[in-house]
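Colleague: Have a peek at query_12.cif (mmCIF, C-alpha atoms).
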```cif
data_entry
#
loop_
_atom_site.label_atom_id
_atom_site.label_comp_id
_atom_site.auth_asym_id
_atom_site.auth_seq_id
_atom_site.Cartn_x
_atom_site.Cartn_y
_atom_site.Cartn_z
CA MET G 1 -12.95 -49.43 6.54
CA ALA G 2 -9.76 -51.22 5.66
CA LYS G 3 -8.78 -48.46 3.23
CA THR G 4 -8.91 -45.73 5.89
CA GLN G 5 -6.80 -47.76 8.29
CA SER G 6 -4.12 -48.40 5.68
CA ARG G 7 -3.89 -44.65 4.91
CA GLN G 8 -3.40 -43.82 8.57
CA GLN G 9 -0.68 -46.42 9.00
CA GLU G 10 1.41 -45.16 6.07
CA LYS G 11 4.11 -42.75 7.16
CA ILE G 12 4.85 -39.80 4.94
CA GLN G 13 8.56 -39.61 4.25
CA PRO G 14 9.85 -36.74 2.12
CA PRO G 15 12.70 -37.53 -0.28
CA MET G 16 16.00 -37.18 1.55
CA THR G 17 18.31 -36.67 -1.43
CA PRO G 18 17.32 -33.01 -2.10
CA MET G 19 17.57 -32.23 1.60
CA ILE G 20 21.07 -33.66 1.81
CA ASP G 21 22.05 -31.64 -1.29
CA ILE G 22 20.82 -28.42 0.32
CA VAL G 23 22.62 -29.16 3.58
CA PHE G 24 25.91 -29.71 1.72
CA GLN G 25 25.46 -26.53 -0.32
CA LEU G 26 24.83 -24.51 2.83
CA LEU G 27 27.81 -26.11 4.53
CA ILE G 28 30.10 -25.24 1.61
CA PHE G 29 28.67 -21.72 1.42
CA PHE G 30 29.28 -20.96 5.09
CA LEU G 31 32.77 -22.47 4.96
CA LEU G 32 33.83 -20.32 2.00
CA ILE G 33 32.30 -16.96 3.02
CA PRO G 34 34.69 -16.22 5.94
CA SER G 35 37.72 -16.79 3.73
CA GLN G 36 36.46 -14.20 1.21
CA ALA G 37 35.33 -11.61 3.75
CA GLY G 38 38.76 -9.98 3.78
CA GLU G 39 38.67 -9.43 0.03
CA ALA G 40 35.99 -6.77 0.34
CA TYR G 41 38.61 -4.25 1.48
CA LEU G 42 41.41 -4.16 -1.03
CA THR G 43 44.17 -1.64 -0.62
CA THR G 44 45.01 0.30 -3.76
CA ASN G 45 47.52 2.90 -4.75
CA LEU G 46 45.72 5.41 -6.94
CA PRO G 47 47.60 8.12 -8.80
CA LYS G 48 47.16 11.58 -7.29
CA THR G 49 48.36 13.70 -10.19
CA GLN G 50 46.25 12.49 -13.10
CA GLY G 51 42.78 13.28 -14.34
CA PRO G 52 40.93 16.42 -15.34
CA LEU G 53 40.87 17.93 -11.82
CA ALA G 54 44.48 17.09 -10.89
CA GLY G 55 46.15 19.96 -9.08
CA LYS G 56 43.01 22.12 -9.14
CA LYS G 57 41.42 23.33 -5.96
CA GLN G 58 37.81 22.22 -5.74
CA THR G 59 35.46 25.00 -4.75
CA PHE G 60 32.10 24.93 -3.07
CA VAL G 61 29.23 26.01 -5.32
CA LYS G 62 27.54 29.07 -3.87
CA HIS G 63 23.77 28.87 -3.70
CA VAL G 64 20.66 30.33 -2.15
CA GLU G 65 18.98 27.93 0.27
CA ILE G 66 15.32 27.88 1.22
CA GLU G 67 15.03 25.85 4.40
CA LEU G 68 11.56 24.67 5.40
CA ARG G 69 11.60 24.01 9.13
CA VAL G 70 8.77 22.27 10.96
CA PRO G 71 8.37 22.87 14.71
CA GLU G 72 8.58 19.58 16.62
CA GLU G 73 5.47 20.19 18.68
CA ASP G 74 3.29 20.92 15.65
CA ASN G 75 3.81 19.61 12.14
CA LYS G 76 0.87 21.62 10.80
CA ASP G 77 2.96 24.75 10.36
CA VAL G 78 6.20 25.67 8.62
CA ASP G 79 8.94 28.20 9.26
CA ILE G 80 10.61 29.49 6.09
CA VAL G 81 14.27 30.50 6.34
CA LEU G 82 16.22 31.97 3.42
CA LYS G 83 20.00 31.53 3.56
CA LYS G 84 22.55 33.20 1.31
CA MET G 85 26.19 32.90 2.27
CA ASP G 86 26.31 33.84 5.98
CA LYS G 87 22.98 35.69 6.02
CA GLU G 88 19.84 34.01 7.34
CA VAL G 89 16.38 35.60 7.13
CA GLY G 90 13.22 34.05 8.57
CA PHE G 91 9.74 34.60 7.12
CA GLY G 92 7.53 32.46 9.37
CA ARG G 93 4.85 31.06 7.07
CA ASN G 94 4.82 34.06 4.73
CA PHE G 95 5.53 32.63 1.26
CA GLU G 96 4.87 36.02 -0.33
CA GLY G 97 7.67 37.47 1.83
CA LEU G 98 9.92 34.70 0.50
CA LEU G 99 8.95 35.65 -3.05
CA GLY G 100 9.77 39.30 -2.35
CA ALA G 101 13.19 38.39 -0.92
CA LEU G 102 13.98 36.15 -3.91
CA GLN G 103 12.94 38.93 -6.30
CA ASN G 104 15.19 41.36 -4.39
CA LEU G 105 18.11 38.96 -4.83
CA ARG G 106 17.44 38.89 -8.58
CA ALA G 107 17.22 42.70 -8.61
CA GLU G 108 20.58 42.89 -6.81
CA GLY G 109 22.17 41.12 -9.74
CA LEU G 110 21.91 37.37 -9.18
CA PRO G 111 21.64 35.67 -12.58
CA PRO G 112 18.65 33.41 -13.33
CA ASP G 113 20.91 30.34 -13.36
CA TYR G 114 22.17 30.97 -9.81
CA PRO G 115 21.50 27.73 -7.87
CA VAL G 116 18.58 27.64 -5.44
CA ARG G 117 18.32 24.67 -3.09
CA ILE G 118 15.12 23.81 -1.24
CA SER G 119 15.89 21.95 1.99
CA PRO G 120 12.80 20.61 3.77
CA TRP G 121 12.81 19.02 7.19
CA MET G 122 11.53 15.46 7.42
CA ALA G 123 8.05 16.34 8.70
CA CYS G 124 7.58 19.02 6.04
CA ARG G 125 4.45 18.64 3.98
CA HIS G 126 4.65 18.26 0.24
CA LYS G 127 2.49 21.32 -0.42
CA TRP G 128 5.03 23.59 1.31
CA VAL G 129 7.89 22.25 -0.80
CA VAL G 130 5.82 22.84 -3.94
CA ARG G 131 4.90 26.33 -2.76
CA ALA G 132 8.59 27.18 -2.13
CA PHE G 133 9.40 25.83 -5.59
CA ASP G 134 6.65 28.02 -7.09
CA MET G 135 8.11 31.09 -5.36
CA ALA G 136 11.58 30.38 -6.77
CA VAL G 137 10.13 29.94 -10.27
CA ALA G 138 8.08 33.14 -9.89
CA ALA G 139 11.33 34.95 -9.01
CA ARG G 140 12.66 33.62 -12.36
CA PHE G 141 15.34 31.29 -11.01
CA THR G 142 16.05 28.38 -13.37
CA LYS G 143 18.40 26.09 -11.42
CA ILE G 144 16.32 24.83 -8.52
CA HIS G 145 17.52 21.77 -6.59
CA PHE G 146 16.05 19.75 -3.76
CA ALA G 147 18.08 18.54 -0.80
CA VAL G 148 17.52 15.35 1.15
CA PRO G 149 15.09 16.10 4.01
CA TYR G 150 16.63 16.79 7.42
CA ILE G 151 15.78 14.14 9.96
#
```
Would you mind writing the file out in structure tokens?

Modeller:
Amino acid sequence: MAKTQSRQQEKIQPPMTPMIDIVFQLLIFFLLIPSQAGEAYLTTNLPKTQGPLAGKKQTFVKHVEIELRVPEEDNKDVDIVLKKMDKEVGFGRNFEGLLGALQNLRAEGLPPDYPVRISPWMACRHKWVVRAFDMAVAARFTKIHFAVPYI
């Protein structure tokens, strides 16, 4: 019985030296950080007339875009929109119509390496993106890119 009473009377005291070390390190850290916060934004004077693209006008790469839109009220369906330059053609959910339009573009003279970008909306299902990709491959396009989903 005496052993149990002596255990209860002992107070557990963690070592204080490591705690004091941590407190001082945090204190130093938080004192130094505000003085270095201004160094994150350094002003620089970069040359404007050097480099491989100096003096050249940068142009936008033309491409065909397949946009996969998902109606907000129902994410079980997809609306396919084909965009080329300023033209926009909708196909509803008809992937075969998309294939026909892509084949027509190839027949009109677009080369196989003409860029095609697939732009899905955020709620778009993976199978629709894959199906659009399959249609572009079936139309014999070779440069197919994927855009970040629209939110």

Colleague: Rounded to one decimal place, report the atom CA of His126 of chain G-atom CA of Lys76 of chain G distance in Å.

Modeller: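 Calculated distance between atom CA of His126 of chain G and atom CA of Lys76 of chain G is 11.7 Å.
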
Colleague: Pick out the residues sitting within 10 Å of Ala136 of chain G, and hand them over as a PyMOL selection string; count only C-alpha atoms, and ignore anything fewer than 3 positions along from it in its own chain.

Modeller: chain G and resi 66+98-99+102-103+116-118+130-133+139-144

Colleague: May I have the selected residues written with C-alpha atoms, as a CSV table (one decimal), keeping the file's coordinate frame?

Modeller:
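Wrote it out as result.csv, contents follow:
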```
chain,number,residue,atom,x,y,z
G,66,ILE,CA,15.3,27.9,1.2
G,98,LEU,CA,9.9,34.7,0.5
G,99,LEU,CA,9.0,35.6,-3.0
G,102,LEU,CA,14.0,36.2,-3.9
G,103,GLN,CA,12.9,38.9,-6.3
G,116,VAL,CA,18.6,27.6,-5.4
G,117,ARG,CA,18.3,24.7,-3.1
G,118,ILE,CA,15.1,23.8,-1.2
G,130,VAL,CA,5.8,22.8,-3.9
G,131,ARG,CA,4.9,26.3,-2.8
G,132,ALA,CA,8.6,27.2,-2.1
G,133,PHE,CA,9.4,25.8,-5.6
G,139,ALA,CA,11.3,35.0,-9.0
G,140,ARG,CA,12.7,33.6,-12.4
G,141,PHE,CA,15.3,31.3,-11.0
G,142,THR,CA,16.0,28.4,-13.4
G,143,LYS,CA,18.4,26.1,-11.4
G,144,ILE,CA,16.3,24.8,-8.5
```

Colleague: Between atom CA of Lys84 of chain G and atom CA of Leu105 of chain G, what is the distance, to one decimal in Å?

Modeller: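 According to the coordinates, atom CA of Lys84 of chain G and atom CA of Leu105 of chain G are separated by 9.5 Å.
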
Colleague: Once the PyMOL selection byres ((chain G and resi 149) around 9) is applied to the coordinates I shared, what remains selected? I want it as a list in words.

Modeller: Ser119, Pro120, Trp121, Met122, Ala123, Cys124, Phe146, Ala147, Val148, Tyr150 and Ile151 of chain G

Colleague: Using all atoms listed in the file, pick whichever of G:His145, G:Met16, G:Ala107, G:Asn94 has the shortest atom-to-atom distance to Asp77 of chain G.

Modeller: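 With all atoms listed in the file as the atom set, the closest residue is G:Asn94.
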
Colleague: What is the distance, in Å and to one decimal place, between atom CA of Arg69 of chain G and atom CA of Gly92 of chain G?

Modeller: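 These two atoms are separated by 9.4 Å.
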
Colleague: Which one of G:Leu26, G:Lys62, G:Ile20, G:Lys127 sits closest to Lys83 of chain G if you count only C-alpha atoms?

Modeller: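 The closest residue to Lys83 of chain G is G:Lys62.
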